[in-house]
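Colleague: Quick one, entry-v5.cif (mmCIF, C-alpha atoms):
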```
data_target
#
loop_
_atom_site.label_atom_id
_atom_site.label_comp_id
_atom_site.auth_asym_id
_atom_site.auth_seq_id
_atom_site.Cartn_x
_atom_site.Cartn_y
_atom_site.Cartn_z
CA MET E 1258 60.63 134.61 235.54
CA SER E 1259 56.89 134.03 235.38
CA LYS E 1260 56.23 137.12 237.52
CA ASN E 1261 58.34 139.18 235.09
CA LYS E 1262 56.42 137.83 232.13
CA ASN E 1263 53.09 138.47 233.85
CA LEU E 1264 54.13 142.03 234.66
CA SER E 1265 55.43 142.57 231.11
CA PHE E 1266 52.17 141.23 229.71
CA LEU E 1267 50.12 143.54 231.93
CA ILE E 1268 52.22 146.64 231.16
CA VAL E 1269 52.20 146.05 227.40
CA CYS E 1270 48.45 145.38 227.39
CA VAL E 1271 47.80 148.59 229.36
CA LEU E 1272 49.99 150.53 226.91
CA LEU E 1273 48.21 148.97 223.93
CA VAL E 1274 44.72 149.70 225.28
CA SER E 1275 45.81 153.21 226.32
CA SER E 1276 47.24 154.02 222.90
CA ARG E 1277 44.15 152.71 221.10
CA THR E 1278 41.87 154.63 223.50
CA TYR E 1279 43.92 157.80 223.09
CA ASP E 1280 43.71 157.55 219.30
CA PHE E 1281 39.97 156.79 219.44
CA LEU E 1282 39.15 159.70 221.77
CA ALA E 1283 41.36 162.17 219.90
CA THR E 1284 39.60 161.18 216.68
CA TYR E 1285 36.21 161.64 218.30
CA PHE E 1286 37.06 165.14 219.54
CA TYR E 1287 38.53 166.12 216.17
CA THR E 1288 35.80 164.73 213.94
CA PRO E 1289 32.65 163.65 215.82
CA ASP E 1290 30.98 162.63 212.55
CA LEU E 1291 34.14 160.91 211.14
CA ARG E 1292 33.96 163.14 208.05
CA ASN E 1293 37.61 164.15 208.40
CA GLU E 1294 38.90 160.70 209.41
CA SER E 1295 41.79 159.52 207.24
CA ASN E 1296 41.66 155.88 208.38
CA ILE E 1297 41.08 153.92 205.20
CA LEU E 1298 38.93 151.30 206.97
CA VAL E 1299 36.47 153.98 208.07
CA LYS E 1300 36.15 155.17 204.48
CA ILE E 1301 35.93 151.73 202.86
CA PHE E 1302 33.33 150.34 205.27
CA ASN E 1303 31.57 153.66 205.90
CA LEU E 1304 31.87 153.14 209.66
CA ASP E 1305 30.30 155.17 212.42
CA TYR E 1306 31.75 155.31 215.94
CA THR E 1307 29.83 152.25 217.10
CA GLY E 1308 31.24 150.14 214.28
CA LEU E 1309 34.68 151.65 214.75
CA PHE E 1310 34.57 150.90 218.48
CA PHE E 1311 33.69 147.23 217.97
CA ILE E 1312 36.30 146.77 215.24
CA GLN E 1313 38.92 148.39 217.49
CA LEU E 1314 37.81 146.18 220.39
CA ALA E 1315 37.96 143.00 218.29
CA LEU E 1316 41.32 143.82 216.72
CA THR E 1317 42.87 144.90 220.01
CA SER E 1318 41.63 141.70 221.66
CA LEU E 1319 43.12 139.65 218.83
CA VAL E 1320 46.45 141.43 219.15
CA ILE E 1321 46.46 140.88 222.94
CA PHE E 1322 45.82 137.18 222.32
CA CYS E 1323 48.75 137.06 219.87
CA TYR E 1324 50.97 138.89 222.35
CA TYR E 1325 50.02 136.34 225.00
CA ILE E 1326 51.09 133.54 222.63
CA TYR E 1327 54.33 135.39 221.88
CA LEU E 1328 55.17 135.91 225.54
CA PHE E 1329 54.08 132.62 227.08
CA GLU E 1330 54.36 130.01 224.32
CA LYS E 1331 57.63 128.63 223.03
CA TYR E 1332 58.02 128.79 219.28
CA LYS E 1333 61.30 127.80 217.74
CA ILE E 1334 62.82 126.02 214.81
CA THR E 1335 63.02 122.37 215.76
CA GLU E 1336 65.05 121.10 212.81
CA SER E 1337 68.77 121.10 213.39
CA VAL E 1338 70.01 122.91 210.31
CA VAL E 1339 72.66 125.51 209.75
CA LEU E 1340 71.07 128.82 208.85
CA LYS E 1341 73.71 131.21 207.53
CA ASN E 1342 71.73 134.43 207.64
CA ILE E 1343 68.54 136.06 208.83
CA LYS E 1344 66.83 135.54 205.46
CA GLU E 1345 67.23 131.77 205.75
CA PHE E 1346 66.10 131.97 209.36
CA ILE E 1347 62.89 133.80 208.43
CA SER E 1348 61.97 131.18 205.83
CA PHE E 1349 62.64 128.34 208.30
CA PHE E 1350 60.80 130.22 211.03
CA HIS E 1351 57.63 130.51 208.96
CA TYR E 1352 57.80 127.54 206.58
CA GLY E 1353 60.13 124.96 208.11
CA LYS E 1354 62.41 125.01 205.04
CA LYS E 1355 64.47 127.35 202.93
CA ILE E 1356 62.36 129.07 200.30
CA GLN E 1357 62.79 131.90 197.83
CA LEU E 1358 61.77 135.35 198.99
CA SER E 1359 59.09 135.48 196.28
CA SER E 1360 57.46 132.36 197.78
CA PHE E 1361 56.31 134.50 200.71
CA LEU E 1362 53.68 135.92 198.36
CA TYR E 1363 51.90 132.65 197.57
CA LYS E 1364 52.84 130.01 200.16
CA SER E 1365 51.02 129.70 203.47
CA PRO E 1366 53.22 129.96 206.54
CA LYS E 1367 52.71 127.95 209.72
CA LEU E 1368 49.84 129.48 211.68
CA LEU E 1369 51.69 129.51 215.01
CA SER E 1370 54.63 131.35 213.44
CA VAL E 1371 52.26 134.05 212.17
CA ILE E 1372 50.49 134.40 215.52
CA TYR E 1373 53.83 134.48 217.33
CA SER E 1374 55.28 137.16 215.07
CA ILE E 1375 52.07 139.24 215.15
CA GLY E 1376 52.28 139.06 218.94
CA TYR E 1377 55.49 141.05 218.88
CA ILE E 1378 55.42 143.09 215.68
CA VAL E 1379 51.80 144.27 215.68
CA THR E 1380 51.58 144.79 219.44
CA TYR E 1381 54.58 147.10 219.66
CA SER E 1382 53.78 148.77 216.34
CA LEU E 1383 50.21 149.55 217.43
CA ILE E 1384 51.37 151.02 220.72
CA CYS E 1385 53.63 153.48 218.88
CA ILE E 1386 51.13 154.09 216.09
CA GLY E 1387 48.28 154.79 218.52
CA PHE E 1388 50.26 157.43 220.38
CA ILE E 1389 51.64 159.00 217.19
CA VAL E 1390 48.30 159.14 215.38
CA GLY E 1391 46.49 160.30 218.52
CA THR E 1392 49.02 163.09 219.02
CA SER E 1393 48.76 164.06 215.35
CA THR E 1394 44.99 164.31 215.79
CA VAL E 1395 45.39 166.44 218.93
CA PHE E 1396 47.66 168.78 216.95
CA LEU E 1397 44.93 169.01 214.31
CA ILE E 1398 42.58 170.21 217.05
CA VAL E 1399 44.91 172.78 218.64
CA SER E 1400 47.18 174.05 215.85
CA GLU E 1401 46.18 175.80 212.64
CA LYS E 1402 49.76 175.58 211.34
CA TYR E 1403 49.76 171.82 211.80
CA LYS E 1404 46.37 171.62 210.11
CA LEU E 1405 47.83 173.41 207.06
CA PHE E 1406 50.82 171.05 207.03
CA TYR E 1407 48.56 168.03 207.46
CA THR E 1408 46.30 169.12 204.60
CA LYS E 1409 49.28 169.15 202.21
CA TYR E 1410 51.57 166.41 203.50
CA GLY E 1411 50.15 164.95 206.69
CA THR E 1412 48.45 161.78 205.56
CA PHE E 1413 51.34 160.77 203.33
CA THR E 1414 53.91 161.62 206.01
CA LEU E 1415 51.95 159.75 208.67
CA TYR E 1416 51.66 156.62 206.51
CA ILE E 1417 55.40 156.70 205.78
CA ILE E 1418 56.14 156.96 209.51
CA LEU E 1419 53.75 154.08 210.22
CA ILE E 1420 55.40 151.90 207.58
CA PHE E 1421 58.82 152.59 209.10
CA ILE E 1422 57.51 151.69 212.56
CA VAL E 1423 56.24 148.32 211.32
CA LEU E 1424 59.49 147.68 209.45
CA TYR E 1425 61.51 148.56 212.54
CA PHE E 1426 59.58 146.18 214.80
CA SER E 1427 59.65 143.47 212.12
CA TYR E 1428 63.42 143.74 211.86
CA SER E 1429 63.73 143.87 215.64
CA PHE E 1430 61.59 140.74 216.03
CA TYR E 1431 63.47 138.65 213.46
CA ARG E 1432 66.87 139.84 214.71
CA LYS E 1433 65.89 138.91 218.28
CA GLU E 1434 64.57 135.47 217.26
CA TYR E 1435 67.59 134.80 215.04
CA THR E 1436 69.94 135.69 217.92
CA LYS E 1437 68.06 133.27 220.21
CA TYR E 1438 68.33 130.59 217.51
CA LEU E 1439 72.08 131.15 217.14
CA LYS E 1440 72.62 130.93 220.91
CA LYS E 1441 70.71 127.64 221.11
CA SER E 1442 72.34 126.12 218.04
CA ASN E 1443 75.84 127.02 219.30
CA ALA E 1444 75.17 125.65 222.79
#
```
What would the structure in this file look like if it were written as structure tokens?
Modeller:
Amino acid sequence: MSKNKNLSFLIVCVLLVSSRTYDFLATYFYTPDLRNESNILVKIFNLDYTGLFFIQLALTSLVIFCYYIYLFEKYKITESVVLKNIKEFISFFHYGKKIQLSSFLYKSPKLLSVIYSIGYIVTYSLICIGFIVGTSTVFLIVSEKYKLFYTKYGTFTLYIILIFIVLYFSYSFYRKEYTKYLKKSNA
């Protein structure tokens, strides 16, 4: 089992670094001065490629660390309670008790639960996002028709796709963890 986890960790990390590198290089070839970059962080912080590289490196390293925690650490609900649905499970997963959905906006979750969930959700989301955004940027370089589409609808469309990717992996993560919880609580 440990060999499988080690191999999974290596493969996912290679995919993550590859997708981030692909996106970074495609951006560089499309807009060497970052003038046409639509990444909001680049605009807010007025980044150049050196700054962008180090931010990407730091964030990718953080995500790899979180993925390591997700893959190799055990995080589970220790209280023996009956959780009737995934909504109750999510609140117990992050807070150790049932809370209202609105409480997610102002209560602090357990740090390990956040790291653990980031390890899955953000890692897999960034792999997909890196390849999608990188490919979109390559199309901007090679296709005038795509450039016209992107000028009108591209940024909005891309952000909608990215939001759906994060929602998909969030749902997938909580469904997977809830299923594991149900199996253990019924055993």
Colleague: Expand the PyMOL selection byres ((chain E and resi 1380-1395) around 10) into the explicit residue set it covers here, and present it as a ChimeraX atom specification.
Modeller: /E:1269-1288,1294,1317,1319-1324,1374-1379,1396-1400,1403-1404,1407,1411,1415-1416,1418-1427
Colleague: With distances taken over only C-alpha atoms, which residue among E:Phe1346, E:Tyr1363, E:Phe1329, E:Phe1310 lies nearest E:Lys1433?
Modeller: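 Checking each of E:Phe1346, E:Tyr1363, E:Phe1329, E:Phe1310 against E:Lys1433, counting only C-alpha atoms, the winner is E:Phe1346.
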Colleague: How many Å lie between atom CA of E:Ser1442 and atom CA of E:Leu1368, rounded to one decimal?
Modeller: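 Atom CA of E:Leu1368 lies 23.6 Å from atom CA of E:Ser1442.
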Colleague: Taking the file as I've supplied it (selection: the PyMOL selection byres ((chain E and resi 1435) around 12)), which residues are included? Please answer as a compact mmCIF listing (two decimals) with C-alpha atoms, in the frame of the given file.
Modeller:
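The new file part_14.txt reads:
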```txt
# COMPACT_ATOMS: atom_id res chain seq x y z
CA LYS E 1333 61.30 127.80 217.74
CA ILE E 1334 62.82 126.02 214.81
CA VAL E 1339 72.66 125.51 209.75
CA LEU E 1340 71.07 128.82 208.85
CA LYS E 1341 73.71 131.21 207.53
CA ASN E 1342 71.73 134.43 207.64
CA ILE E 1343 68.54 136.06 208.83
CA LYS E 1344 66.83 135.54 205.46
CA GLU E 1345 67.23 131.77 205.75
CA PHE E 1346 66.10 131.97 209.36
CA ILE E 1347 62.89 133.80 208.43
CA SER E 1348 61.97 131.18 205.83
CA PHE E 1349 62.64 128.34 208.30
CA PHE E 1350 60.80 130.22 211.03
CA TYR E 1428 63.42 143.74 211.86
CA SER E 1429 63.73 143.87 215.64
CA PHE E 1430 61.59 140.74 216.03
CA TYR E 1431 63.47 138.65 213.46
CA ARG E 1432 66.87 139.84 214.71
CA LYS E 1433 65.89 138.91 218.28
CA GLU E 1434 64.57 135.47 217.26
CA THR E 1436 69.94 135.69 217.92
CA LYS E 1437 68.06 133.27 220.21
CA TYR E 1438 68.33 130.59 217.51
CA LEU E 1439 72.08 131.15 217.14
CA LYS E 1440 72.62 130.93 220.91
CA LYS E 1441 70.71 127.64 221.11
CA SER E 1442 72.34 126.12 218.04
```
Colleague: Please, what distance in Å, to one decimal, runs between atom CA of E:Thr1412 and atom CA of E:Thr1307?
Modeller: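 Computed distance, atom CA of E:Thr1412 to atom CA of E:Thr1307, equals 23.9 Å.
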Colleague: Can you work out the spacing between atom CA of E:Asn1296 and atom CA of E:Leu1362 in Å, to one decimal?
Modeller: 25.4 Å
Colleague: Using only C-alpha atoms for the distances, tell me which of E:Arg1292, E:Lys1409, E:Lys1402, E:Lys1331 is nearest to E:Asp1305.
Modeller: E:Arg1292
Colleague: Could you tell me which residues the PyMOL selection byres ((chain E and resi 1262) around 12) returns for this structure, as a ChimeraX atom specification?
Modeller: /E:1258-1261,1263-1270,1324-1330
Colleague: Pick out the closest residue to E:Ile1312 from this set: E:Leu1298, E:Ile1372, E:Leu1358, E:Val1338. Count only C-alpha atoms.
Modeller: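 Smallest distance to E:Ile1312 is found for E:Leu1298.
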